[in-house]
Amino acid sequence: MADAMEVELQEERVFKDPPNIRRLDETVVNRIAAGEVIQRPVSVVKELVENSLDAHSSSVNVVVKDGGLKLIQVTDDGHGIRYEDLPILCERHTTSKLSTFEDLQSIKSMGFRGEALASMTYVGHVTVTTITKGQLHGYRVSYKDGVMEHEPKACAAVKGTQIMVENLFYNMNARRKTLQSSADDYSKIVDLLSRFAIHHAHVSFSCRKHGAARADVHSVGTRSRVDAIRSVYGVSVAQNLMKIEASDNDLSSSVFKMDGLISNFNFVAKKITMVLFINDRLVEWTALKRALEIVYSATLPKASKPFIYMSIVLPLDHVDVNVHPTKREVSILNQEVIIEKIQSLVESKLRNSNDTRTFQEQTIEPSSSGQVCSLKDSDINPSPSGSKPPKVPVHKMVRTDSSDPAGRLHAYMQAKPHSHLEGISSLTSVRSSIRQRRNPKETADLTSIQELIDDIDGNSHSGLLDIVRHCTYVGMADDVFALLQHDTHLYLANVVNLSKELMYQQVLRRFAHFNAIELSNPASLKELIMLALKEEDLNPECEGNDDLKEKIADMSTGLLKQKTEMLEEYFCIHIDIDGNLTKLPVVLDQYTPDMDRVPDFVLCLGNDVDWENEKTCFQAISAALGNFYAMHPPMLPNPTGDGLKFYEKKKPFQNTEDTEIPSGDNVIMATETGNELLSEAETAWAQREWSIQHILFPAVKLFLKPPTSMANNGTFVRVASLEKLYKIFERC
């Protein structure tokens, strides 16, 4: 029975007549078309603003209510609409921009289809108020479904046109439900007006919410593109831009002219901003955007989300503007060639702009020794828990959060943004990597290593541990000490001692499970040891010392070559058969030690390690690695304050006037700065400070177990009590 029913159903499907094709009602057609042209409230704003610009307006004002669903009002001071044109203003395919299809080949206006206003009347209530030059009064008229609801009424009006679109998508429930986030739609409108404002810098733009006194976009007509960007996107964007220009007149490949502004090394943002106009038309060009993103990611890893403004002018017959319902995209002749040339130019510009990097440093005078109190166990032991905390007085409130960067010194300095150096991964990836190491792999099954780790755990100072776990990094006080806040106390922390102990502990905890840093050029152990010995030599002119150094270098090199297998297996220190150092361990993720200290490290391995006792051997190698990886001050003096004198060199004064030039002992010397060496020093010191803030202290808070000795050896020094300072200021 069931089989018979199934056969009947199959026969019904086979022999059923095809459906009739019907001509849709014109209202249905128009509403479907309107939904394609007017996709969101921002689509309405874009069409109306482009009409205003086509009308040669010098001022465009936009008012929005409920993200544009309740009200969109665009007012301009353009040439207005003639009274005779009002009856057909909102009919489909009525336009003043072209008359024949061939006109598309030379169209300069932004609008040309005559669909936008008509589409608005099918999905909203449209009211137009307009006046043309020479008229005594204006006219107001409402439209619905493409036609006037009444004859135009005379009214008072100011120069130009005002178009109101109310109750958008009132008859499209599904569309309206998907657009309930008014904040999201309003932000899109603000972004759109911001883009128009920086390209059409000579036009004044404003955008505000209905009823708000303050505009969210407000630009005044100006001749300067940078000034327009400053007023819309802010000073932080405007001050980090570089001008870029390109052109090509090769008829066989591409013909274009481009000018724009692109961000430099110092600009950092969470997402890319690309403002692109082609023949004064705001468009998106995904291929070009992606090409420029690739250039920035490869050239500036720390500034890989740039701000880009470009205006490209192409021959009108090389651009097809009629390829997208909302005119958001265009088709371009020879676009691959144009992209390649712009990409190459941007890459060259970025690579040649190294000298635009700026590092802001502020020297903070360290406190004198007389004002520094020693750190005692009673000062730093954490308070007992278990009881309900009493109400905290105002002067005892802790106003910083160890996880919040707002407490850092740099947050309160008026300074240019820091350059983020090439080769250092983003802050997010740094902290991510640190957290991945919170539970490192199990160490090698060696009793000696476990004993050394137990010594660290058993000798940890509980008070210092509480400080490092919950402190807030404030900034560098000088070359060695960092300023930290814990509760209502300020501490100076010796960065070198902290980093040395952290690296030592990390070596033991990662024992036999290191990743590797591969040296680009293998370094000869003998040459490294000779370098270290020459630096230590107090009497370098003595010839007998050279032979002794050679013997020491040969012996140390031979010893280390014998221990190659153990060094590589346990510490990832690889030495090849020729006695060259080729690999070093990754002790702290995202951190590379100062390679200028490799000679001292190799000498220490050769001379200071007791290779006979296992525990002592591993401890000495770990200590040597800890000292090597510690964040010592760079070899070059700090190029701030008195350190700048090191980079100044004397040269004879060059006289530019027709006066007698002194000679002999009376020669006047002028001072100039060695730019190359100074730049190298600035980079090294800035990189160290960045590493201390973003790599060292996050790792210290997660991993370091401070030994008891740090409470008394000057690693931590309490310098001030904010509670006492508050009382002093209160008395004043």
# chains A, B, ... in the order shown; residues from 1 in each chain; ligands from 1

$ select_by_dssp --residues "segment 138-294 of chain A" --states "helix (DSSP H, G or I)" --output "PDB file with N, CA, C and O atoms, in the first residue's frame"
ATOM      1  N   ASN A 173       9.407  44.538   7.621  1.00  0.00           N
ATOM      2  CA  ASN A 173       9.610  44.129   9.020  1.00  0.00           C
ATOM      3  C   ASN A 173      10.894  43.327   9.213  1.00  0.00           C
ATOM      4  O   ASN A 173      11.619  43.515  10.192  1.00  0.00           O
ATOM      5  N   ALA A 174      11.173  42.406   8.279  1.00  0.00           N
ATOM      6  CA  ALA A 174      12.368  41.575   8.425  1.00  0.00           C
ATOM      7  C   ALA A 174      13.632  42.430   8.403  1.00  0.00           C
ATOM      8  O   ALA A 174      14.549  42.242   9.214  1.00  0.00           O
ATOM      9  N   ARG A 175      13.696  43.393   7.480  1.00  0.00           N
ATOM     10  CA  ARG A 175      14.864  44.278   7.390  1.00  0.00           C
ATOM     11  C   ARG A 175      14.983  45.134   8.652  1.00  0.00           C
ATOM     12  O   ARG A 175      16.086  45.322   9.184  1.00  0.00           O
ATOM     13  N   ARG A 176      13.864  45.630   9.129  1.00  0.00           N
ATOM     14  CA  ARG A 176      13.890  46.517  10.293  1.00  0.00           C
ATOM     15  C   ARG A 176      14.363  45.771  11.550  1.00  0.00           C
ATOM     16  O   ARG A 176      15.097  46.317  12.371  1.00  0.00           O
ATOM     17  N   LYS A 177      13.959  44.492  11.660  1.00  0.00           N
ATOM     18  CA  LYS A 177      14.354  43.722  12.836  1.00  0.00           C
ATOM     19  C   LYS A 177      15.860  43.467  12.857  1.00  0.00           C
ATOM     20  O   LYS A 177      16.462  43.350  13.922  1.00  0.00           O
ATOM     21  N   SER A 182      20.927  50.629  16.895  1.00  0.00           N
ATOM     22  CA  SER A 182      21.047  52.004  16.392  1.00  0.00           C
ATOM     23  C   SER A 182      22.455  52.546  16.557  1.00  0.00           C
ATOM     24  O   SER A 182      22.935  53.327  15.741  1.00  0.00           O
ATOM     25  N   ALA A 183      23.152  52.115  17.631  1.00  0.00           N
ATOM     26  CA  ALA A 183      24.517  52.601  17.857  1.00  0.00           C
ATOM     27  C   ALA A 183      25.439  52.141  16.737  1.00  0.00           C
ATOM     28  O   ALA A 183      26.299  52.890  16.266  1.00  0.00           O
ATOM     29  N   ASP A 184      25.251  50.911  16.289  1.00  0.00           N
ATOM     30  CA  ASP A 184      26.086  50.376  15.222  1.00  0.00           C
ATOM     31  C   ASP A 184      25.861  51.139  13.921  1.00  0.00           C
ATOM     32  O   ASP A 184      26.806  51.500  13.219  1.00  0.00           O
ATOM     33  N   ASP A 185      24.593  51.399  13.592  1.00  0.00           N
ATOM     34  CA  ASP A 185      24.298  52.118  12.350  1.00  0.00           C
ATOM     35  C   ASP A 185      24.760  53.561  12.426  1.00  0.00           C
ATOM     36  O   ASP A 185      25.242  54.118  11.437  1.00  0.00           O
ATOM     37  N   TYR A 186      24.633  54.176  13.597  1.00  0.00           N
ATOM     38  CA  TYR A 186      25.072  55.564  13.719  1.00  0.00           C
ATOM     39  C   TYR A 186      26.594  55.652  13.566  1.00  0.00           C
ATOM     40  O   TYR A 186      27.103  56.591  12.952  1.00  0.00           O
ATOM     41  N   SER A 187      27.317  54.678  14.120  1.00  0.00           N
ATOM     42  CA  SER A 187      28.776  54.699  13.972  1.00  0.00           C
ATOM     43  C   SER A 187      29.185  54.560  12.512  1.00  0.00           C
ATOM     44  O   SER A 187      30.181  55.147  12.079  1.00  0.00           O
ATOM     45  N   LYS A 188      28.433  53.791  11.731  1.00  0.00           N
ATOM     46  CA  LYS A 188      28.726  53.665  10.298  1.00  0.00           C
ATOM     47  C   LYS A 188      28.500  55.005   9.590  1.00  0.00           C
ATOM     48  O   LYS A 188      29.234  55.371   8.668  1.00  0.00           O
ATOM     49  N   ILE A 189      27.474  55.727  10.000  1.00  0.00           N
ATOM     50  CA  ILE A 189      27.188  57.035   9.396  1.00  0.00           C
ATOM     51  C   ILE A 189      28.297  58.030   9.745  1.00  0.00           C
ATOM     52  O   ILE A 189      28.762  58.796   8.888  1.00  0.00           O
ATOM     53  N   VAL A 190      28.737  58.007  11.002  1.00  0.00           N
ATOM     54  CA  VAL A 190      29.830  58.891  11.424  1.00  0.00           C
ATOM     55  C   VAL A 190      31.091  58.584  10.629  1.00  0.00           C
ATOM     56  O   VAL A 190      31.794  59.500  10.169  1.00  0.00           O
ATOM     57  N   ASP A 191      31.396  57.296  10.458  1.00  0.00           N
ATOM     58  CA  ASP A 191      32.577  56.899   9.688  1.00  0.00           C
ATOM     59  C   ASP A 191      32.474  57.381   8.244  1.00  0.00           C
ATOM     60  O   ASP A 191      33.449  57.873   7.667  1.00  0.00           O
ATOM     61  N   LEU A 192      31.284  57.262   7.651  1.00  0.00           N
ATOM     62  CA  LEU A 192      31.080  57.715   6.270  1.00  0.00           C
ATOM     63  C   LEU A 192      31.326  59.210   6.141  1.00  0.00           C
ATOM     64  O   LEU A 192      32.049  59.664   5.241  1.00  0.00           O
ATOM     65  N   LEU A 193      30.728  59.997   7.042  1.00  0.00           N
ATOM     66  CA  LEU A 193      30.904  61.457   6.980  1.00  0.00           C
ATOM     67  C   LEU A 193      32.357  61.855   7.216  1.00  0.00           C
ATOM     68  O   LEU A 193      32.849  62.815   6.619  1.00  0.00           O
ATOM     69  N   SER A 194      33.056  61.106   8.067  1.00  0.00           N
ATOM     70  CA  SER A 194      34.467  61.394   8.322  1.00  0.00           C
ATOM     71  C   SER A 194      35.286  61.220   7.051  1.00  0.00           C
ATOM     72  O   SER A 194      36.195  62.010   6.760  1.00  0.00           O
ATOM     73  N   ARG A 195      34.979  60.202   6.268  1.00  0.00           N
ATOM     74  CA  ARG A 195      35.711  59.945   5.030  1.00  0.00           C
ATOM     75  C   ARG A 195      35.446  61.045   3.999  1.00  0.00           C
ATOM     76  O   ARG A 195      36.368  61.523   3.331  1.00  0.00           O
ATOM     77  N   PHE A 196      34.172  61.434   3.876  1.00  0.00           N
ATOM     78  CA  PHE A 196      33.865  62.530   2.958  1.00  0.00           C
ATOM     79  C   PHE A 196      34.564  63.818   3.389  1.00  0.00           C
ATOM     80  O   PHE A 196      35.049  64.594   2.561  1.00  0.00           O
ATOM     81  N   ALA A 197      34.639  64.036   4.707  1.00  0.00           N
ATOM     82  CA  ALA A 197      35.175  65.297   5.217  1.00  0.00           C
ATOM     83  C   ALA A 197      36.656  65.468   4.899  1.00  0.00           C
ATOM     84  O   ALA A 197      37.114  66.586   4.646  1.00  0.00           O
ATOM     85  N   ILE A 198      37.440  64.368   4.897  1.00  0.00           N
ATOM     86  CA  ILE A 198      38.870  64.545   4.647  1.00  0.00           C
ATOM     87  C   ILE A 198      39.178  64.617   3.155  1.00  0.00           C
ATOM     88  O   ILE A 198      40.195  65.187   2.772  1.00  0.00           O
ATOM     89  N   HIS A 199      38.315  64.059   2.308  1.00  0.00           N
ATOM     90  CA  HIS A 199      38.563  64.177   0.867  1.00  0.00           C
ATOM     91  C   HIS A 199      38.060  65.523   0.349  1.00  0.00           C
ATOM     92  O   HIS A 199      38.776  66.220  -0.377  1.00  0.00           O
ATOM     93  N   ARG A 225      44.596  69.187   3.750  1.00  0.00           N
ATOM     94  CA  ARG A 225      44.079  67.846   4.000  1.00  0.00           C
ATOM     95  C   ARG A 225      44.431  67.377   5.411  1.00  0.00           C
ATOM     96  O   ARG A 225      43.626  66.745   6.092  1.00  0.00           O
ATOM     97  N   VAL A 226      45.639  67.689   5.846  1.00  0.00           N
ATOM     98  CA  VAL A 226      46.076  67.268   7.179  1.00  0.00           C
ATOM     99  C   VAL A 226      45.220  67.927   8.253  1.00  0.00           C
ATOM    100  O   VAL A 226      44.864  67.300   9.256  1.00  0.00           O
ATOM    101  N   ASP A 227      44.868  69.204   8.063  1.00  0.00           N
ATOM    102  CA  ASP A 227      43.999  69.880   9.028  1.00  0.00           C
ATOM    103  C   ASP A 227      42.627  69.216   9.090  1.00  0.00           C
ATOM    104  O   ASP A 227      42.029  69.083  10.170  1.00  0.00           O
ATOM    105  N   ALA A 228      42.128  68.797   7.931  1.00  0.00           N
ATOM    106  CA  ALA A 228      40.841  68.101   7.899  1.00  0.00           C
ATOM    107  C   ALA A 228      40.927  66.783   8.654  1.00  0.00           C
ATOM    108  O   ALA A 228      40.017  66.423   9.417  1.00  0.00           O
ATOM    109  N   ILE A 229      42.012  66.053   8.472  1.00  0.00           N
ATOM    110  CA  ILE A 229      42.200  64.788   9.188  1.00  0.00           C
ATOM    111  C   ILE A 229      42.315  65.042  10.682  1.00  0.00           C
ATOM    112  O   ILE A 229      41.769  64.308  11.502  1.00  0.00           O
ATOM    113  N   ARG A 230      43.027  66.118  11.039  1.00  0.00           N
ATOM    114  CA  ARG A 230      43.190  66.447  12.456  1.00  0.00           C
ATOM    115  C   ARG A 230      41.835  66.748  13.105  1.00  0.00           C
ATOM    116  O   ARG A 230      41.569  66.301  14.233  1.00  0.00           O
ATOM    117  N   SER A 231      40.974  67.454  12.426  1.00  0.00           N
ATOM    118  CA  SER A 231      39.681  67.820  13.013  1.00  0.00           C
ATOM    119  C   SER A 231      38.734  66.637  13.104  1.00  0.00           C
ATOM    120  O   SER A 231      37.854  66.608  13.961  1.00  0.00           O
ATOM    121  N   VAL A 232      38.914  65.639  12.226  1.00  0.00           N
ATOM    122  CA  VAL A 232      37.991  64.503  12.193  1.00  0.00           C
ATOM    123  C   VAL A 232      38.544  63.307  12.952  1.00  0.00           C
ATOM    124  O   VAL A 232      37.849  62.704  13.778  1.00  0.00           O
ATOM    125  N   TYR A 233      39.808  62.944  12.688  1.00  0.00           N
ATOM    126  CA  TYR A 233      40.379  61.734  13.276  1.00  0.00           C
ATOM    127  C   TYR A 233      41.280  62.014  14.473  1.00  0.00           C
ATOM    128  O   TYR A 233      41.669  61.077  15.166  1.00  0.00           O
ATOM    129  N   VAL A 235      44.548  64.445  16.583  1.00  0.00           N
ATOM    130  CA  VAL A 235      45.945  64.835  16.446  1.00  0.00           C
ATOM    131  C   VAL A 235      46.847  63.613  16.308  1.00  0.00           C
ATOM    132  O   VAL A 235      47.832  63.626  15.559  1.00  0.00           O
ATOM    133  N   SER A 236      46.529  62.526  17.040  1.00  0.00           N
ATOM    134  CA  SER A 236      47.396  61.352  17.028  1.00  0.00           C
ATOM    135  C   SER A 236      47.528  60.748  15.637  1.00  0.00           C
ATOM    136  O   SER A 236      48.556  60.147  15.311  1.00  0.00           O
ATOM    137  N   VAL A 237      46.506  60.898  14.817  1.00  0.00           N
ATOM    138  CA  VAL A 237      46.584  60.417  13.438  1.00  0.00           C
ATOM    139  C   VAL A 237      47.326  61.430  12.574  1.00  0.00           C
ATOM    140  O   VAL A 237      48.247  61.083  11.830  1.00  0.00           O
ATOM    141  N   ALA A 238      46.928  62.694  12.681  1.00  0.00           N
ATOM    142  CA  ALA A 238      47.468  63.724  11.786  1.00  0.00           C
ATOM    143  C   ALA A 238      48.976  63.899  11.920  1.00  0.00           C
ATOM    144  O   ALA A 238      49.666  64.163  10.936  1.00  0.00           O
ATOM    145  N   THR A 286      39.263  46.164  -2.556  1.00  0.00           N
ATOM    146  CA  THR A 286      39.771  45.129  -1.659  1.00  0.00           C
ATOM    147  C   THR A 286      41.174  44.681  -2.032  1.00  0.00           C
ATOM    148  O   THR A 286      42.024  44.458  -1.161  1.00  0.00           O
ATOM    149  N   ALA A 287      41.439  44.541  -3.308  1.00  0.00           N
ATOM    150  CA  ALA A 287      42.754  44.061  -3.751  1.00  0.00           C
ATOM    151  C   ALA A 287      43.868  45.035  -3.354  1.00  0.00           C
ATOM    152  O   ALA A 287      44.934  44.625  -2.884  1.00  0.00           O
ATOM    153  N   LEU A 288      43.631  46.326  -3.523  1.00  0.00           N
ATOM    154  CA  LEU A 288      44.630  47.329  -3.147  1.00  0.00           C
ATOM    155  C   LEU A 288      44.805  47.364  -1.629  1.00  0.00           C
ATOM    156  O   LEU A 288      45.930  47.449  -1.123  1.00  0.00           O
ATOM    157  N   LYS A 289      43.709  47.300  -0.907  1.00  0.00           N
ATOM    158  CA  LYS A 289      43.774  47.323   0.554  1.00  0.00           C
ATOM    159  C   LYS A 289      44.592  46.153   1.079  1.00  0.00           C
ATOM    160  O   LYS A 289      45.447  46.308   1.955  1.00  0.00           O
ATOM    161  N   ARG A 290      44.354  44.981   0.521  1.00  0.00           N
ATOM    162  CA  ARG A 290      45.086  43.800   0.962  1.00  0.00           C
ATOM    163  C   ARG A 290      46.573  43.915   0.615  1.00  0.00           C
ATOM    164  O   ARG A 290      47.439  43.539   1.420  1.00  0.00           O
ATOM    165  N   ALA A 291      46.868  44.453  -0.555  1.00  0.00           N
ATOM    166  CA  ALA A 291      48.264  44.616  -0.964  1.00  0.00           C
ATOM    167  C   ALA A 291      49.016  45.542  -0.005  1.00  0.00           C
ATOM    168  O   ALA A 291      50.166  45.284   0.363  1.00  0.00           O
ATOM    169  N   LEU A 292      48.366  46.621   0.419  1.00  0.00           N
ATOM    170  CA  LEU A 292      49.015  47.569   1.331  1.00  0.00           C
ATOM    171  C   LEU A 292      49.134  46.986   2.737  1.00  0.00           C
ATOM    172  O   LEU A 292      50.109  47.254   3.449  1.00  0.00           O
ATOM    173  N   GLU A 293      48.152  46.184   3.145  1.00  0.00           N
ATOM    174  CA  GLU A 293      48.250  45.511   4.439  1.00  0.00           C
ATOM    175  C   GLU A 293      49.472  44.594   4.479  1.00  0.00           C
ATOM    176  O   GLU A 293      50.183  44.519   5.481  1.00  0.00           O
ATOM    177  N   ILE A 294      49.700  43.892   3.384  1.00  0.00           N
ATOM    178  CA  ILE A 294      50.849  42.985   3.308  1.00  0.00           C
ATOM    179  C   ILE A 294      52.156  43.769   3.441  1.00  0.00           C
ATOM    180  O   ILE A 294      53.087  43.358   4.137  1.00  0.00           O
TER     181      ILE A 294
END

$ select_by_dssp --residues "segment 484-719 of chain A" --states "strand (DSSP E or B)" --output "JSON, numbers by chain"
{"A": [484, 485, 486, 489, 490, 491, 492, 493, 494, 516, 517, 518, 519, 520, 521, 522, 523, 524, 574, 575, 580, 581, 582, 583, 584, 585, 648, 649, 650, 651, 652, 669, 670, 671, 672, 673, 707, 716, 717, 718, 719]}

$ atom_distance --atom1 "atom CA of Val719 of chain A" --atom2 "atom CA of Leu502 of chain A"
23.2 Å

$ residues_around --residues "Leu531 of chain A" --least-positions-apart "2" --cutoff "12 Å" --atoms "only C-alpha atoms" --output "PyMOL selection string"
chain A and resi 523-529+533-537+540+546+549-550+552-553+596-603

$ atom_distance --atom1 "atom CA of Asn627 of chain A" --atom2 "atom CA of Ala684 of chain A"
18.3 Å

$ residues_around --residues "Lys70 of chain A" --least-positions-apart "5" --cutoff "7 Å" --atoms "only C-alpha atoms" --output "MDAnalysis selection string"
chainID A and resid 65 166:168

$ residues_around --residues "Leu314 of chain A" --least-positions-apart "3" --cutoff "8 Å" --atoms "only C-alpha atoms" --output "ChimeraX atom specification"
/A:255-257,278-279,318-319

$ write_last_selection --atoms "all heavy atoms" --output "JSON list (two decimals), in the first residue's frame"
[["chain", "number", "residue", "atom", "x", "y", "z"],
["A", 255, "VAL", "N", 47.60, 54.37, -16.81],
["A", 255, "VAL", "CA", 47.62, 55.83, -16.74],
["A", 255, "VAL", "C", 46.86, 56.22, -15.48],
["A", 255, "VAL", "O", 45.66, 55.94, -15.36],
["A", 255, "VAL", "CB", 46.96, 56.47, -17.98],
["A", 255, "VAL", "CG1", 46.98, 57.99, -17.84],
["A", 255, "VAL", "CG2", 47.67, 56.04, -19.25],
["A", 256, "PHE", "N", 47.55, 56.82, -14.53],
["A", 256, "PHE", "CA", 46.88, 57.23, -13.30],
["A", 256, "PHE", "C", 47.73, 58.27, -12.58],
["A", 256, "PHE", "O", 48.92, 58.43, -12.85],
["A", 256, "PHE", "CB", 46.63, 56.04, -12.37],
["A", 256, "PHE", "CG", 47.87, 55.53, -11.68],
["A", 256, "PHE", "CD1", 48.20, 55.95, -10.39],
["A", 256, "PHE", "CD2", 48.72, 54.63, -12.31],
["A", 256, "PHE", "CE1", 49.33, 55.48, -9.75],
["A", 256, "PHE", "CE2", 49.87, 54.16, -11.68],
["A", 256, "PHE", "CZ", 50.17, 54.59, -10.39],
["A", 257, "LYS", "N", 47.08, 58.95, -11.64],
["A", 257, "LYS", "CA", 47.76, 59.89, -10.76],
["A", 257, "LYS", "C", 47.21, 59.66, -9.35],
["A", 257, "LYS", "O", 46.01, 59.59, -9.16],
["A", 257, "LYS", "CB", 47.52, 61.33, -11.21],
["A", 257, "LYS", "CG", 48.25, 62.36, -10.34],
["A", 257, "LYS", "CD", 47.98, 63.77, -10.84],
["A", 257, "LYS", "CE", 48.70, 64.80, -9.97],
["A", 257, "LYS", "NZ", 48.43, 66.19, -10.42],
["A", 278, "ILE", "N", 38.33, 57.29, -5.88],
["A", 278, "ILE", "CA", 38.75, 57.16, -7.28],
["A", 278, "ILE", "C", 37.89, 58.11, -8.11],
["A", 278, "ILE", "O", 36.66, 58.00, -8.14],
["A", 278, "ILE", "CB", 38.59, 55.72, -7.78],
["A", 278, "ILE", "CG1", 39.54, 54.80, -7.00],
["A", 278, "ILE", "CG2", 38.88, 55.63, -9.27],
["A", 278, "ILE", "CD1", 39.46, 53.35, -7.40],
["A", 279, "ASN", "N", 38.54, 59.07, -8.72],
["A", 279, "ASN", "CA", 37.85, 60.13, -9.47],
["A", 279, "ASN", "C", 36.78, 60.79, -8.60],
["A", 279, "ASN", "O", 35.63, 60.99, -9.01],
["A", 279, "ASN", "CB", 37.22, 59.56, -10.75],
["A", 279, "ASN", "CG", 38.26, 59.18, -11.78],
["A", 279, "ASN", "OD1", 39.45, 59.40, -11.59],
["A", 279, "ASN", "ND2", 37.83, 58.59, -12.88],
["A", 318, "HIS", "N", 38.61, 54.65, -18.38],
["A", 318, "HIS", "CA", 39.29, 53.50, -17.80],
["A", 318, "HIS", "C", 38.56, 52.97, -16.57],
["A", 318, "HIS", "O", 39.02, 52.02, -15.93],
["A", 318, "HIS", "CB", 40.72, 53.87, -17.39],
["A", 318, "HIS", "CG", 41.65, 54.01, -18.55],
["A", 318, "HIS", "ND1", 43.03, 53.98, -18.42],
["A", 318, "HIS", "CD2", 41.42, 54.18, -19.88],
["A", 318, "HIS", "CE1", 43.59, 54.13, -19.60],
["A", 318, "HIS", "NE2", 42.62, 54.26, -20.51],
["A", 319, "VAL", "N", 37.44, 53.59, -16.22],
["A", 319, "VAL", "CA", 36.71, 53.22, -15.01],
["A", 319, "VAL", "C", 35.26, 52.92, -15.37],
["A", 319, "VAL", "O", 34.60, 53.72, -16.03],
["A", 319, "VAL", "CB", 36.75, 54.35, -13.95],
["A", 319, "VAL", "CG1", 36.07, 53.89, -12.67],
["A", 319, "VAL", "CG2", 38.17, 54.78, -13.67]]

$ residues_around --residues "Ile308 of chain A" --least-positions-apart "3" --cutoff "7 Å" --atoms "only C-alpha atoms" --output "list in words"
Leu261, Ile262, Ser263, Thr273, Met274 and Val275 of chain A

$ atom_distance --atom1 "atom CA of Ala516 of chain A" --atom2 "atom CA of Trp690 of chain A"
22.5 Å

$ closest_residue --among "A:Ala532, A:Ala512, A:Ile332, A:Val63" --to "Ala213 of chain A" --atoms "only C-alpha atoms"
A:Val63

$ residues_around --residues "Pro152 of chain A" --least-positions-apart "3" --cutoff "6 Å" --atoms "only C-alpha atoms" --output "number ranges by chain"
A: 139-141

$ write_last_selection --atoms "N, CA, C and O atoms" --output "PDB file, in the first residue's frame"
ATOM      1  N   TYR A 139       9.968  75.561  -1.594  1.00  0.00           N
ATOM      2  CA  TYR A 139       8.824  74.656  -1.706  1.00  0.00           C
ATOM      3  C   TYR A 139       9.111  73.395  -0.897  1.00  0.00           C
ATOM      4  O   TYR A 139      10.243  72.917  -0.825  1.00  0.00           O
ATOM      5  N   ARG A 140       8.018  72.871  -0.310  1.00  0.00           N
ATOM      6  CA  ARG A 140       8.114  71.629   0.443  1.00  0.00           C
ATOM      7  C   ARG A 140       7.101  70.647  -0.123  1.00  0.00           C
ATOM      8  O   ARG A 140       5.952  71.006  -0.387  1.00  0.00           O
ATOM      9  N   VAL A 141       7.536  69.387  -0.297  1.00  0.00           N
ATOM     10  CA  VAL A 141       6.658  68.373  -0.858  1.00  0.00           C
ATOM     11  C   VAL A 141       7.036  67.009  -0.296  1.00  0.00           C
ATOM     12  O   VAL A 141       8.209  66.749  -0.023  1.00  0.00           O
TER      13      VAL A 141
END
